[in-house]
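Engineer: What follows is a structure written as structure tokens; I'll ask about it next.
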Amino acid sequence: MLTINSIYNEDCFVTMSKIEDKTIDLIVADPPYFEICGEFDFIWKSQSDYLCWCEKWIIECRRILKDNGTIYIWGAIGFGKGYSLFKLCDWIETQKLFIVQSWITQRNCRGRGTRKGYMCAREELVHLTKGKEYTWNPAYSSEPSNRKDLGFNGKPRKNMYKRVSDVWCDIAEASQSSKERFKTSDGQNFPTVKAIKLCNRIIQSSSNPDDVVYIPFAGSGSEIISCIYNRRNWIASEKKSDYVKDIILPRVEKMMSMPLS
């Protein structure tokens, strides 16, 4: 039996095998990229191997997700070490596993590139649902809305702030913040921390208080912290023990000791 609000130091397939069918409201997946298997103890000899691995955990995600559930998957467009999220989503839609609701581009402040070609300063996030009915709480940015015209229903607009689009330029990546950088006990930096504001936007938009969120690749634990802050129940998996011991558990303990608004 799994315990709600717990981190499991094991492969996500082991954790998901213990989760009953159709019991999870939201899944937020930030899988390791292709060609960094040595760092994360994965073995993918080819992109075909990586795709096969992705297909297996995505199929399991579908099994445990409620019929009105939502899944978000972070990925790349194929630049450098990333496997193209476009190709993965094409497979998902071909197999009719999920419905793509939104394709989101997160603009980063820092770019990667070569001397020839444009620098890549983006991450991709796909918003998928299991069915046509799903949880959605409209997301608003901190930018005031100055529109004076009437809404689509012919009535005055009530929102004080602008709705969030599918291009996110208002949240900087966590690597730009010293407060969201973490190291393991051997001094290694965690390379792909997600900003808490990004996690909050996803979790607030696609779940409600007391819903159960599953995080298959917990990493540094940002989605866990967001769940605690937003009063969501959670289950998380992380294969690397130093991430759990040195980063996630201290963050959770600190968060639990803070009063929530």
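Following the order of the structure tokens, chains are lettered A, B, ..., residues in each are numbered from 1, and ligands are numbered from 1.
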As a PyMOL selection string, list the residues of stretch 46-116 of chain A assigned to strand (DSSP E or B) by DSSP on the backbone atoms of this structure.
Structural biologist: chain A and resi 65-76+84+99-112
Engineer: Can you write out the residues you just picked, keeping C-alpha atoms, as a PDB file, in the first residue's frame?
Structural biologist:
ATOM      1  CA  LEU A  65      -5.198   8.627 -14.215  1.00  0.00           C
ATOM      2  CA  LYS A  66      -8.880   9.278 -13.610  1.00  0.00           C
ATOM      3  CA  ASP A  67     -11.131   9.615 -16.653  1.00  0.00           C
ATOM      4  CA  ASN A  68     -11.283  13.379 -16.032  1.00  0.00           C
ATOM      5  CA  GLY A  69      -7.589  13.567 -15.179  1.00  0.00           C
ATOM      6  CA  THR A  70      -4.797  15.660 -16.674  1.00  0.00           C
ATOM      7  CA  ILE A  71      -1.134  15.033 -17.423  1.00  0.00           C
ATOM      8  CA  TYR A  72       1.617  17.546 -18.209  1.00  0.00           C
ATOM      9  CA  ILE A  73       4.856  16.434 -19.866  1.00  0.00           C
ATOM     10  CA  TRP A  74       7.974  18.617 -20.049  1.00  0.00           C
ATOM     11  CA  GLY A  75      10.336  18.116 -22.956  1.00  0.00           C
ATOM     12  CA  ALA A  76      12.470  19.565 -25.716  1.00  0.00           C
ATOM     13  CA  SER A  84      11.678  15.709 -29.743  1.00  0.00           C
ATOM     14  CA  ILE A  99      -5.927  14.511 -25.992  1.00  0.00           C
ATOM     15  CA  VAL A 100      -3.505  17.400 -26.491  1.00  0.00           C
ATOM     16  CA  GLN A 101      -5.216  20.482 -25.063  1.00  0.00           C
ATOM     17  CA  SER A 102      -2.355  22.991 -25.141  1.00  0.00           C
ATOM     18  CA  TRP A 103       1.225  23.228 -26.358  1.00  0.00           C
ATOM     19  CA  ILE A 104       3.086  25.604 -24.064  1.00  0.00           C
ATOM     20  CA  THR A 105       6.440  27.252 -24.661  1.00  0.00           C
ATOM     21  CA  GLN A 106       8.360  28.446 -21.614  1.00  0.00           C
ATOM     22  CA  ARG A 107      10.836  31.190 -22.490  1.00  0.00           C
ATOM     23  CA  ASN A 108      14.164  30.907 -20.686  1.00  0.00           C
ATOM     24  CA  CYS A 109      16.546  33.772 -19.985  1.00  0.00           C
ATOM     25  CA  ARG A 110      19.622  31.727 -20.846  1.00  0.00           C
ATOM     26  CA  GLY A 111      20.088  30.043 -24.191  1.00  0.00           C
ATOM     27  CA  ARG A 112      22.059  27.136 -25.614  1.00  0.00           C
TER      28      ARG A 112
END
Engineer: Compile the contact shell of A:Lys197 as a list in words: residues with an atom at most 9 Å away, counting only C-alpha atoms, same-chain residues fewer than 5 positions apart removed.
Structural biologist: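 Returned residues: Ile171, Ala172, Ile202 and Ser226 of chain A.
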Engineer: Nearest to A:Asp25: which of A:Ser206, A:Ser257, A:Ser145, A:Asn230 is it, counting only C-alpha atoms?
Structural biologist: A:Ser206
Engineer: Between stretch 87-143 of chain A and stretch 48-52 of chain A, at 10 Å or less, what are the per-residue closest atom pairs and their distances in Å? Count only C-alpha atoms, order by chain and rising residue number, and return it as a tab-separated table.
Structural biologist:
residue	atom	partner	partner_atom	distance
A:Lys87	CA	A:Leu51	CA	9.2
A:Leu88	CA	A:Leu51	CA	7.4
A:Trp91	CA	A:Leu51	CA	9.6
Engineer: Could you tell me how far atom CA of A:Tyr214 lies from atom CA of A:Tyr229, in Å and to one decimal?
Structural biologist: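 Interatomic distance here is 15.4 Å.
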Engineer: Considering only C-alpha atoms, state which residue in the set A:Tyr140, A:Met1, A:Glu20, A:Ser6 is at the smallest distance from A:Ile235.
Structural biologist: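 Going through A:Tyr140, A:Met1, A:Glu20, A:Ser6 one by one, the smallest distance to A:Ile235 is for A:Ser6.
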